[in-house]
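S.K.: Once you've had a glance at the structure underneath, I'll fire off some questions.
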Amino acid sequence: MTHDGVGPRAVLRSVAFLTAGALAVPLLAGCGSADEAGRPLARQDVAPAARGQVAEGGTLRWAVDTVPDTFNTFQSDADATTTRVAQAVLPAMYRLDVNGRPQRDADYLESAKVVDTEPKQVVLYKLNQQAVWSDGREIGAADFAAQWRALSGKDSAYWTARNAGYDRIEKIERGANDLEVRVTFSRPYADWRSLFSPLYPKDVMGTPDAFNDGARRKLKVTAGPFLVKKVDRKAKQVSLTRSPRWWGRPAKLSEIVLTAVPRGERATALAAGKLDLAEVDPTAAQRVDGAANGTAGPLAGPGSGRTAAKALRSWALAHAADEEESEKGEGGEDAEDKAKAHTKLTKAIAQWEQQQKALRAFEVRRSLEPAYTQLALNGANGPLADERVRRAVARALDRKDLARLVLKPLGLPAEPVGSHLALAGQDVYADNSGALGGQDTTEARALLADAGWVLGGPVKEQKKGEKAAGSAGKAAGKKADDDSADGDGGKYIVGEDDKAPARKDEDDGRQLAQDGKQYKQRLHQGGAPGAYAPKGTAAPKDTASPSATAAAAKGSAAPAGAVTKVLAKNGKALSLRFVLPSGPGSESLGAVADRITRMLGKVGIRTEITKVSDASYFKDHIASGEYDLALYSWPASAFPATDARPIYAKPVPAADGSLSVEQNYTRVGTDQVDQLFDQAISTLDADKGRSLLRKADSRIWAAAGSIPLYQRPQLTAVRKTVANAGAFGFQTPVYEDMGFLKKGAKAAGSPAGK
């Protein structure tokens with residue numbers, strides 16, 4: 001769930017059955033005209049400028065999360081920077097537009113269309129006659145064929161992360177001339193436009209050794225406006241330089257330097273003049289905003305007109321004075337120590353002032369990421385295996401309130417997401433949440449009562465090691481182990497008592513954008529920073545209960561308004577284990593989880609919040625099913641029939657008796673949803689395919705395995721003189737148009753949401 005900006009596709013993506021009531025969703029639910037897709041909630045914000053206003057040359061210094069382990073996007077450890085480099089240096093037959101829809105890239109492709117459907121589907125590609133690789137060889141059928149063979153899944157010597165679509169190809173042939181490529185499919189494939197983007201040269205795809213190792217550390221042959229000049233892993237930089245063989249519009253920039261900079265250090269790097277562009281968290285964004293308009297930012301009170309520097313000086317000196325007063329007569333520090341402390345404060349203030357002055361050269365460009373955050377409900381077993389309980393959880397949520405909590409403080413449109421399969425503006429999008437229903441406390445309570453959960457019912461005293469319903473019983477009360485972020489012992493079960501300390505106001509919008517630190521490990525493709533479900537990560541086969549022992553626990557603060565009476569069944573209280581990441585940048589998820597806890601408390605559901613290290617969040621908890629409730633994000637795909645199916649596919653028994661769940665981390669699926677996906681991917685009628693996917697989305701809503709909440713914010717600090725770059729939203733960046741404005745030139749504004 002994973003793109004410093006989201007890549008063009010999400011790659012690869014419980015056993016509980018829906019009751020008859022849930023299956024009674026009207027057959028036409030989710031159907032409608034393409035107009036239901038609407039427009040994106042927020043426009044991209046890139047300071048657009050005509051090429052004539054952009055200067056020739058210059059180096060754009062761009063912050064990324066990592067120097068990638070591989071430059072082969074089809075390998076399992078490819079990450080967001082792998083995608084960023086591929087977009088700049090490799091061919092793509094189709095790229096995404098501002099609405100998140102695939103559009104033919106004319107620099108590579110003159111036309112592509114289905115020319116036959118009987119007896120087999122045949123797509124004819126006509127390539128741009130100027131399209132050549134950097135070594136001078138024409139791009140042609142040999143490259144298409146080599147990529148198909150590598151990704152078809154037929155040769156296990158190729159260590160591929162995905163083969164969706166390529167496994168449906170029967171053969172690839174040269175057409176009437178060298179510029180034509182005929183692709184024949186063994187089975188109809190609606191998402192054929194998803195293929196060959198990016199396209200690698202046959203030098204990379206031609207043999208297993210070249211595929212597995214040849215493109216990991218370098219790309220010798222490319223075909224884009226830029227090429228890979230240097231990879232400096234010690235300096236954590238990838239340098240891209242303008243390609244002399246590029247036949248399209250010449251790149252304005254001479255060079256793009258991608259530098260790995262931790263998100264918490266980006267504001268400092270910007271102020272030090274080391275970066276021109278960096279995606280930032282809300283705190284850094286507020287610093288940049290404050291520097292630009294002279295306001296005090298987080299240190300100012302309502303209506304304050306003080307500058308940030310003056311506010312910081314006043315606060316720091318007043319704080320020092322208060323400390324001094326409080327220690328008088330108590331044998332406090334001597335005058336020399338206080339002088340040293342005061343000197344440190346003064347230096348910190350001076351450094352802040354200097355950085356704020358430097359940050360005036362930047363502005364925050366903001367939009368919404370093509371990704372959404374969801375509440376996942378693990379339906380493998382426990383209370384959430386009962387569809388009625390899952391639906392009760394969903395009906396207890398005020399999704400509009402949750403969207404406002406995260407997005408309104410950032411000045412972004414605060415609308416809940418209405419689809420699992422697309423976002424507003426994309427072709428498949430339609431708000432199908434009506435299949436489940438909106439917030440309704442009365443209905444939620446009725447569903448729980450129907451499932452046998454009685455408010456105020458008797459609760460048996462649990463024996464040592466006995467599991468509470470829905471919680472990690474063996475871990476309950478256990479002191480935090482090495483996974484805990486701060487070493488705090490124990491867990492706090494919301495609603496059990498009033499021991500929890502007061503929490504900072506949850507409406508504070510200063511920390512509500514990034515949903516946690518990027519999760520990435522060698523076996524998983526990386527995603528955008530922030531609690532993303534890792535791309536290409538299939539969950540392991542289920543061998544244990546999701547309520548088995550927890551790897552780590554950190555006590556969370558209990559919000560006000562917690563459960564006052566306990567829902568119980570068969571002597572066990574209804575308590576759901578809510579797992580969250582604990583690392584820097586996870587404040588947004590914490591605030592959202594607290595608000596959800598309040599909402600569930602109103603219907604009698606007790607919630608146990610467990611915070612675990614970022615490194616183990618997906619691998620040890622989400623993918624392995626060690627949770628009841630969790631928050632993480634999925635990127636939107638322009639090809640949901642292909643990319644979303646593994647996320648919502650019904651888990652099936654494997655040969656060894658375990659459960660194969662692909663990327664369906666909630667373990668909730670139905671035969672009917674699978675059938676609708678299968679039909680959608682096999683129809684070449686676009687209207688019919690869209691209708692089938694909307695029906696599938698309605699049934700996914702009805703199953704209540706995952707509840708989409710809000711589209712993720714995208715905040716990018718950019719030097720004011722940089723044009724055609726920033727918060728890209730859906731659109732694939734146009735690298736050749738990026739650059740620095742000519743002296744006196746001005747870019748057109750495109751504020752988010754307008």
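Naming scheme: A, B, ... for chains in displayed order of the structure tokens; residues 1 onward per chain; ligands 1 onward as shown.
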Give the strand (DSSP E) residues of segment 84-120 of chain A, as DSSP finds them on the backbone, and put them as a list in words.

M.R.: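 Secondary structure check on segment 84-120 of chain A, strand (DSSP E): Tyr94, Arg95, Leu96, Pro102, Gln103, Arg104, Leu109, Glu110, Ser111, Ala112, Lys113, Val114, Val115 and Asp116 of chain A.
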
S.K.: Could you save those same residues with N, CA and C atoms as a compact mmCIF listing (two decimals), in the first residue's frame?

M.R.:
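Dumped everything to again.txt:
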# COMPACT_ATOMS: atom_id res chain seq x y z
N TYR A 94 1.04 3.52 -21.49
CA TYR A 94 -0.04 4.34 -20.93
C TYR A 94 0.42 4.95 -19.62
N ARG A 95 0.02 6.20 -19.39
CA ARG A 95 0.27 6.88 -18.13
C ARG A 95 -1.03 7.46 -17.62
N LEU A 96 -1.08 7.80 -16.33
CA LEU A 96 -2.31 8.30 -15.74
C LEU A 96 -2.45 9.80 -15.92
N PRO A 102 -6.03 5.94 -17.48
CA PRO A 102 -4.90 5.69 -18.38
C PRO A 102 -5.05 6.41 -19.71
N GLN A 103 -3.99 7.02 -20.15
CA GLN A 103 -3.97 7.72 -21.44
C GLN A 103 -2.74 7.27 -22.22
N ARG A 104 -2.90 7.09 -23.52
CA ARG A 104 -1.80 6.68 -24.39
C ARG A 104 -0.68 7.71 -24.35
N LEU A 109 3.78 5.58 -28.36
CA LEU A 109 2.71 4.81 -28.97
C LEU A 109 1.84 5.69 -29.85
N GLU A 110 1.83 5.39 -31.16
CA GLU A 110 0.95 6.13 -32.06
C GLU A 110 -0.49 5.68 -31.91
N SER A 111 -0.70 4.38 -31.70
CA SER A 111 -2.05 3.86 -31.50
C SER A 111 -1.96 2.47 -30.90
N ALA A 112 -3.05 2.07 -30.26
CA ALA A 112 -3.17 0.70 -29.75
C ALA A 112 -4.66 0.40 -29.67
N LYS A 113 -5.06 -0.72 -30.24
CA LYS A 113 -6.48 -1.06 -30.23
C LYS A 113 -6.68 -2.56 -30.41
N VAL A 114 -7.85 -3.00 -29.97
CA VAL A 114 -8.22 -4.40 -30.17
C VAL A 114 -8.68 -4.55 -31.61
N VAL A 115 -7.99 -5.35 -32.38
CA VAL A 115 -8.31 -5.51 -33.80
C VAL A 115 -9.07 -6.81 -34.06
N ASP A 116 -9.04 -7.75 -33.14
CA ASP A 116 -9.79 -9.01 -33.27
C ASP A 116 -10.26 -9.46 -31.89

S.K.: According to DSSP computed on the backbone, where in segment 122-308 of chain A is there helix (DSSP H, G or I)? Give the residues as a PyMOL selection string.

M.R.: chain A and resi 141-151+166-168+192-194+202-205+208-214+263-271+282-293+297-299+308

S.K.: Those same residues, written as a compact mmCIF listing (two decimals), in the first residue's frame with N, CA and C atoms?

M.R.:
# COMPACT_ATOMS: atom_id res chain seq x y z
N ALA A 141 9.07 -5.31 -31.28
CA ALA A 141 8.39 -6.53 -30.84
C ALA A 141 9.29 -7.40 -29.97
N ALA A 142 10.59 -7.40 -30.22
CA ALA A 142 11.51 -8.23 -29.43
C ALA A 142 11.49 -7.83 -27.96
N ASP A 143 11.34 -6.55 -27.70
CA ASP A 143 11.27 -6.07 -26.30
C ASP A 143 9.96 -6.50 -25.65
N PHE A 144 8.86 -6.36 -26.38
CA PHE A 144 7.56 -6.79 -25.87
C PHE A 144 7.58 -8.29 -25.57
N ALA A 145 8.13 -9.07 -26.49
CA ALA A 145 8.14 -10.52 -26.32
C ALA A 145 9.00 -10.94 -25.14
N ALA A 146 10.15 -10.29 -24.98
CA ALA A 146 11.03 -10.64 -23.87
C ALA A 146 10.36 -10.34 -22.52
N GLN A 147 9.66 -9.22 -22.45
CA GLN A 147 8.98 -8.88 -21.19
C GLN A 147 7.85 -9.86 -20.91
N TRP A 148 7.11 -10.24 -21.94
CA TRP A 148 6.04 -11.23 -21.75
C TRP A 148 6.60 -12.55 -21.23
N ARG A 149 7.66 -13.05 -21.84
CA ARG A 149 8.21 -14.33 -21.41
C ARG A 149 8.72 -14.28 -19.98
N ALA A 150 9.32 -13.15 -19.61
CA ALA A 150 9.85 -13.01 -18.25
C ALA A 150 8.74 -12.97 -17.21
N LEU A 151 7.61 -12.35 -17.58
CA LEU A 151 6.55 -12.10 -16.60
C LEU A 151 5.35 -13.04 -16.74
N TYR A 166 0.04 -10.66 -18.06
CA TYR A 166 1.03 -11.31 -18.92
C TYR A 166 0.76 -12.82 -19.01
N ASP A 167 0.14 -13.38 -17.98
CA ASP A 167 -0.16 -14.82 -18.00
C ASP A 167 -1.30 -15.15 -18.95
N ARG A 168 -1.99 -14.12 -19.48
CA ARG A 168 -3.09 -14.34 -20.42
C ARG A 168 -2.63 -14.20 -21.88
N TRP A 192 -5.85 -4.78 -20.71
CA TRP A 192 -4.65 -4.91 -21.55
C TRP A 192 -3.82 -3.63 -21.57
N ARG A 193 -4.46 -2.49 -21.30
CA ARG A 193 -3.71 -1.22 -21.29
C ARG A 193 -2.74 -1.14 -20.11
N SER A 194 -2.90 -2.03 -19.15
CA SER A 194 -1.98 -2.01 -18.00
C SER A 194 -0.62 -2.61 -18.32
N LYS A 202 15.02 -5.69 -24.04
CA LYS A 202 15.24 -7.14 -24.03
C LYS A 202 16.54 -7.50 -23.32
N ASP A 203 17.45 -6.55 -23.21
CA ASP A 203 18.70 -6.79 -22.49
C ASP A 203 18.43 -7.11 -21.02
N VAL A 204 17.37 -6.53 -20.47
CA VAL A 204 17.00 -6.76 -19.07
C VAL A 204 16.11 -7.99 -18.93
N MET A 205 15.17 -8.15 -19.85
CA MET A 205 14.16 -9.20 -19.73
C MET A 205 14.54 -10.51 -20.43
N PRO A 208 17.01 -14.99 -17.34
CA PRO A 208 16.78 -14.91 -15.90
C PRO A 208 17.89 -14.15 -15.16
N ASP A 209 19.13 -14.38 -15.54
CA ASP A 209 20.23 -13.69 -14.87
C ASP A 209 20.15 -12.18 -15.05
N ALA A 210 19.86 -11.76 -16.28
CA ALA A 210 19.74 -10.33 -16.55
C ALA A 210 18.56 -9.74 -15.78
N PHE A 211 17.45 -10.47 -15.74
CA PHE A 211 16.26 -9.98 -15.04
C PHE A 211 16.52 -9.92 -13.54
N ASN A 212 17.07 -10.97 -12.99
CA ASN A 212 17.23 -11.07 -11.54
C ASN A 212 18.30 -10.14 -10.99
N ASP A 213 19.38 -9.96 -11.75
CA ASP A 213 20.52 -9.21 -11.23
C ASP A 213 20.92 -8.00 -12.06
N GLY A 214 20.72 -8.06 -13.37
CA GLY A 214 21.25 -7.04 -14.26
C GLY A 214 20.73 -5.64 -14.02
N ARG A 263 11.80 11.71 6.66
CA ARG A 263 10.75 12.73 6.64
C ARG A 263 10.89 13.72 7.78
N GLY A 264 11.35 13.26 8.91
CA GLY A 264 11.51 14.17 10.04
C GLY A 264 12.63 15.17 9.87
N GLU A 265 13.50 14.96 8.88
CA GLU A 265 14.63 15.85 8.67
C GLU A 265 14.47 16.74 7.44
N ARG A 266 13.34 16.65 6.78
CA ARG A 266 13.21 17.35 5.50
C ARG A 266 13.08 18.86 5.65
N ALA A 267 12.42 19.34 6.69
CA ALA A 267 12.31 20.78 6.86
C ALA A 267 13.69 21.40 7.06
N THR A 268 14.52 20.72 7.84
CA THR A 268 15.88 21.21 8.07
C THR A 268 16.68 21.19 6.77
N ALA A 269 16.53 20.11 5.98
CA ALA A 269 17.25 20.01 4.71
C ALA A 269 16.80 21.08 3.72
N LEU A 270 15.52 21.37 3.71
CA LEU A 270 15.00 22.44 2.86
C LEU A 270 15.61 23.78 3.25
N ALA A 271 15.60 24.05 4.57
CA ALA A 271 16.12 25.33 5.06
C ALA A 271 17.61 25.46 4.80
N PRO A 282 2.55 17.27 8.19
CA PRO A 282 1.82 18.52 8.48
C PRO A 282 2.60 19.50 9.33
N THR A 283 3.43 19.01 10.26
CA THR A 283 4.20 19.92 11.10
C THR A 283 5.18 20.71 10.25
N ALA A 284 5.90 20.03 9.37
CA ALA A 284 6.84 20.72 8.48
C ALA A 284 6.10 21.65 7.53
N ALA A 285 4.95 21.20 7.04
CA ALA A 285 4.15 22.04 6.14
C ALA A 285 3.73 23.33 6.84
N GLN A 286 3.38 23.22 8.11
CA GLN A 286 2.97 24.40 8.84
C GLN A 286 4.13 25.36 9.06
N ARG A 287 5.33 24.81 9.25
CA ARG A 287 6.51 25.67 9.37
C ARG A 287 6.73 26.45 8.08
N VAL A 288 6.60 25.77 6.94
CA VAL A 288 6.79 26.44 5.66
C VAL A 288 5.72 27.50 5.45
N ASP A 289 4.48 27.16 5.76
CA ASP A 289 3.39 28.13 5.64
C ASP A 289 3.64 29.34 6.54
N GLY A 290 4.08 29.05 7.78
CA GLY A 290 4.33 30.14 8.72
C GLY A 290 5.46 31.05 8.27
N ALA A 291 6.50 30.45 7.69
CA ALA A 291 7.61 31.26 7.20
C ALA A 291 7.18 32.16 6.04
N ALA A 292 6.31 31.64 5.21
CA ALA A 292 5.88 32.39 4.02
C ALA A 292 4.98 33.56 4.36
N ASN A 293 4.10 33.36 5.35
CA ASN A 293 3.12 34.43 5.63
C ASN A 293 3.39 35.17 6.93
N GLY A 297 2.36 30.17 13.42
CA GLY A 297 2.18 28.73 13.28
C GLY A 297 1.72 28.10 14.57
N PRO A 298 2.28 26.96 14.96
CA PRO A 298 1.79 26.23 16.11
C PRO A 298 1.99 26.94 17.43
N LEU A 299 2.83 28.00 17.48
CA LEU A 299 3.08 28.69 18.74
C LEU A 299 2.14 29.87 18.96
N ALA A 308 6.52 33.92 13.73
CA ALA A 308 6.92 32.65 14.34
C ALA A 308 8.16 32.83 15.21

S.K.: Just the residues within 7 Å of Phe728 of chain A, please, counting only C-alpha atoms, with nothing from its chain fewer than 6 positions along; format it as JSON, numbers by chain.

M.R.: {"A": [44, 45, 46]}

S.K.: Those same residues, written as a tab-separated table (two decimals), in the first residue's frame with C-alpha atoms?

M.R.:
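Saved as result09.tsv:
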chain	number	residue	atom	x	y	z
A	44	GLN	CA	-3.13	18.53	-8.49
A	45	ASP	CA	-1.05	21.46	-7.26
A	46	VAL	CA	2.14	21.74	-9.32

S.K.: Name all residues at most 12 Å from Gln87 of chain A (count only C-alpha atoms; drop same-chain ones fewer than 4 positions away) and give them as number ranges by chain.

M.R.: A: 3, 5-8, 71-73, 80-83, 91-96, 105, 197-200, 222-228, 240, 731-736

S.K.: With distances taken over only C-alpha atoms, which of A:Gln355, A:Ser152, A:Tyr158, A:Val221 is nearest to Glu138 of chain A?

M.R.: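 The shortest atom-to-atom distance to Glu138 of chain A comes from A:Val221.
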
S.K.: Counting only C-alpha atoms, figure out which residue out of A:Ala47, A:Ile349, A:Val183, A:Ala190 gets nearest to Ala164 of chain A.

M.R.: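 When distances to Ala164 of chain A are compared using only C-alpha atoms, the smallest one comes from A:Ala190.
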
S.K.: List the neighbours of Ala371 of chain A out to 8 Å using only C-alpha atoms; skip same-chain residues closer than 4 positions along the sequence, and give me the result as a PDB file with all heavy atoms, in the first residue's frame.

M.R.:
ATOM      1  N   VAL A   6       1.980   7.947  -5.726  1.00  0.00           N
ATOM      2  CA  VAL A   6       1.659   6.540  -5.906  1.00  0.00           C
ATOM      3  C   VAL A   6       1.977   6.108  -7.320  1.00  0.00           C
ATOM      4  O   VAL A   6       1.678   6.804  -8.267  1.00  0.00           O
ATOM      5  CB  VAL A   6       0.181   6.310  -5.600  1.00  0.00           C
ATOM      6  CG1 VAL A   6      -0.210   4.885  -5.836  1.00  0.00           C
ATOM      7  CG2 VAL A   6      -0.105   6.692  -4.165  1.00  0.00           C
ATOM      8  N   LEU A 423     -11.206   5.955  -6.745  1.00  0.00           N
ATOM      9  CA  LEU A 423     -11.410   7.225  -6.059  1.00  0.00           C
ATOM     10  C   LEU A 423     -12.125   8.196  -6.989  1.00  0.00           C
ATOM     11  O   LEU A 423     -12.144   8.008  -8.207  1.00  0.00           O
ATOM     12  CB  LEU A 423     -10.066   7.802  -5.615  1.00  0.00           C
ATOM     13  CG  LEU A 423      -9.332   6.996  -4.536  1.00  0.00           C
ATOM     14  CD1 LEU A 423      -7.927   7.530  -4.326  1.00  0.00           C
ATOM     15  CD2 LEU A 423     -10.112   6.999  -3.230  1.00  0.00           C
ATOM     16  N   SER A 633      -3.469   1.842   4.424  1.00  0.00           N
ATOM     17  CA  SER A 633      -3.923   2.466   3.178  1.00  0.00           C
ATOM     18  C   SER A 633      -3.671   1.583   1.966  1.00  0.00           C
ATOM     19  O   SER A 633      -2.724   0.804   1.935  1.00  0.00           O
ATOM     20  CB  SER A 633      -3.201   3.803   2.969  1.00  0.00           C
ATOM     21  OG  SER A 633      -3.468   4.695   4.029  1.00  0.00           O
ATOM     22  N   TRP A 634      -4.538   1.748   0.978  1.00  0.00           N
ATOM     23  CA  TRP A 634      -4.361   1.115  -0.333  1.00  0.00           C
ATOM     24  C   TRP A 634      -4.257   2.208  -1.388  1.00  0.00           C
ATOM     25  O   TRP A 634      -5.009   3.173  -1.353  1.00  0.00           O
ATOM     26  CB  TRP A 634      -5.550   0.238  -0.696  1.00  0.00           C
ATOM     27  CG  TRP A 634      -5.601  -1.108  -0.056  1.00  0.00           C
ATOM     28  CD1 TRP A 634      -6.582  -1.586   0.767  1.00  0.00           C
ATOM     29  CD2 TRP A 634      -4.658  -2.178  -0.201  1.00  0.00           C
ATOM     30  NE1 TRP A 634      -6.287  -2.874   1.150  1.00  0.00           N
ATOM     31  CE2 TRP A 634      -5.121  -3.256   0.568  1.00  0.00           C
ATOM     32  CE3 TRP A 634      -3.458  -2.314  -0.901  1.00  0.00           C
ATOM     33  CZ2 TRP A 634      -4.425  -4.469   0.656  1.00  0.00           C
ATOM     34  CZ3 TRP A 634      -2.771  -3.512  -0.814  1.00  0.00           C
ATOM     35  CH2 TRP A 634      -3.255  -4.575  -0.046  1.00  0.00           C
ATOM     36  N   PRO A 635      -3.347   2.060  -2.349  1.00  0.00           N
ATOM     37  CA  PRO A 635      -3.329   3.001  -3.477  1.00  0.00           C
ATOM     38  C   PRO A 635      -4.471   2.695  -4.439  1.00  0.00           C
ATOM     39  O   PRO A 635      -4.876   1.545  -4.576  1.00  0.00           O
ATOM     40  CB  PRO A 635      -1.971   2.734  -4.133  1.00  0.00           C
ATOM     41  CG  PRO A 635      -1.668   1.317  -3.794  1.00  0.00           C
ATOM     42  CD  PRO A 635      -2.259   1.069  -2.433  1.00  0.00           C
ATOM     43  N   ALA A 636      -4.988   3.732  -5.060  1.00  0.00           N
ATOM     44  CA  ALA A 636      -6.019   3.533  -6.078  1.00  0.00           C
ATOM     45  C   ALA A 636      -5.363   3.029  -7.350  1.00  0.00           C
ATOM     46  O   ALA A 636      -4.249   3.422  -7.684  1.00  0.00           O
ATOM     47  CB  ALA A 636      -6.747   4.837  -6.351  1.00  0.00           C
ATOM     48  N   GLN A 711      -9.479   9.901   1.729  1.00  0.00           N
ATOM     49  CA  GLN A 711      -8.341   9.929   0.816  1.00  0.00           C
ATOM     50  C   GLN A 711      -7.176  10.603   1.529  1.00  0.00           C
ATOM     51  O   GLN A 711      -7.354  11.597   2.243  1.00  0.00           O
ATOM     52  CB  GLN A 711      -8.715  10.692  -0.457  1.00  0.00           C
ATOM     53  CG  GLN A 711      -7.800  10.424  -1.633  1.00  0.00           C
ATOM     54  CD  GLN A 711      -8.352  10.971  -2.945  1.00  0.00           C
ATOM     55  OE1 GLN A 711      -9.552  11.206  -3.070  1.00  0.00           O
ATOM     56  NE2 GLN A 711      -7.476  11.184  -3.922  1.00  0.00           N
ATOM     57  N   ARG A 712      -5.991  10.071   1.350  1.00  0.00           N
ATOM     58  CA  ARG A 712      -4.836  10.570   2.083  1.00  0.00           C
ATOM     59  C   ARG A 712      -4.373  11.933   1.572  1.00  0.00           C
ATOM     60  O   ARG A 712      -4.379  12.190   0.379  1.00  0.00           O
ATOM     61  CB  ARG A 712      -3.683   9.573   1.975  1.00  0.00           C
ATOM     62  CG  ARG A 712      -3.871   8.311   2.775  1.00  0.00           C
ATOM     63  CD  ARG A 712      -2.835   7.280   2.387  1.00  0.00           C
ATOM     64  NE  ARG A 712      -1.503   7.840   2.385  1.00  0.00           N
ATOM     65  CZ  ARG A 712      -0.662   7.791   3.420  1.00  0.00           C
ATOM     66  NH1 ARG A 712      -1.045   7.202   4.534  1.00  0.00           N
ATOM     67  NH2 ARG A 712       0.542   8.315   3.348  1.00  0.00           N
TER      68      ARG A 712
END

S.K.: Near Pro416 of chain A, counting only C-alpha atoms, which residues have an atom at most 10 Å away, once you skip same-chain residues fewer than 2 positions from it, shown as a ChimeraX atom specification?

M.R.: /A:372-373,398-404,413-414,418-419,431,433,708-711

S.K.: For the selection you just gave me, I'd like the residues written to a file as a tab-separated table (two decimals), in the first residue's frame, keeping N, CA and C atoms.

M.R.:
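Listing of result.tsv after writing:
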chain	number	residue	atom	x	y	z
A	372	TYR	N	-6.29	5.66	-0.29
A	372	TYR	CA	-7.23	5.91	0.79
A	372	TYR	C	-6.89	5.08	2.02
A	373	THR	N	-7.22	5.64	3.18
A	373	THR	CA	-7.05	4.93	4.44
A	373	THR	C	-8.35	4.23	4.80
A	398	ASP	N	-18.87	7.34	12.08
A	398	ASP	CA	-19.23	8.55	11.35
A	398	ASP	C	-18.05	8.87	10.43
A	399	ARG	N	-18.11	8.38	9.20
A	399	ARG	CA	-16.97	8.51	8.29
A	399	ARG	C	-16.72	9.96	7.89
A	400	LYS	N	-17.76	10.76	7.83
A	400	LYS	CA	-17.58	12.17	7.51
A	400	LYS	C	-16.79	12.87	8.60
A	401	ASP	N	-17.07	12.52	9.84
A	401	ASP	CA	-16.36	13.11	10.96
A	401	ASP	C	-14.88	12.72	10.92
A	402	LEU	N	-14.58	11.47	10.57
A	402	LEU	CA	-13.20	11.02	10.49
A	402	LEU	C	-12.45	11.71	9.36
A	403	ALA	N	-13.12	11.91	8.24
A	403	ALA	CA	-12.48	12.63	7.13
A	403	ALA	C	-12.19	14.08	7.53
A	404	ARG	N	-13.13	14.71	8.22
A	404	ARG	CA	-12.91	16.09	8.66
A	404	ARG	C	-11.75	16.17	9.64
A	413	PRO	N	-10.34	19.06	0.85
A	413	PRO	CA	-11.74	18.60	0.87
A	413	PRO	C	-11.89	17.38	1.78
A	414	ALA	N	-12.81	17.47	2.71
A	414	ALA	CA	-12.97	16.42	3.72
A	414	ALA	C	-14.20	15.57	3.41
A	418	GLY	N	-16.14	6.59	-1.06
A	418	GLY	CA	-17.33	5.77	-1.23
A	418	GLY	C	-17.12	4.46	-1.96
A	419	SER	N	-15.87	4.12	-2.28
A	419	SER	CA	-15.60	2.91	-3.05
A	419	SER	C	-14.31	2.27	-2.57
A	431	ASP	N	-20.18	5.96	-5.43
A	431	ASP	CA	-20.35	5.81	-3.99
A	431	ASP	C	-21.32	4.66	-3.73
A	433	SER	N	-21.42	2.99	-0.77
A	433	SER	CA	-21.49	2.76	0.67
A	433	SER	C	-22.91	2.51	1.14
A	708	PRO	N	-13.61	1.94	3.85
A	708	PRO	CA	-12.84	3.11	3.39
A	708	PRO	C	-13.22	4.35	4.19
A	709	LEU	N	-12.24	5.13	4.58
A	709	LEU	CA	-12.50	6.30	5.41
A	709	LEU	C	-12.26	7.61	4.65
A	710	TYR	N	-11.00	7.89	4.29
A	710	TYR	CA	-10.71	9.17	3.66
A	710	TYR	C	-9.53	9.02	2.71
A	711	GLN	N	-9.48	9.90	1.73
A	711	GLN	CA	-8.34	9.93	0.82
A	711	GLN	C	-7.18	10.60	1.53
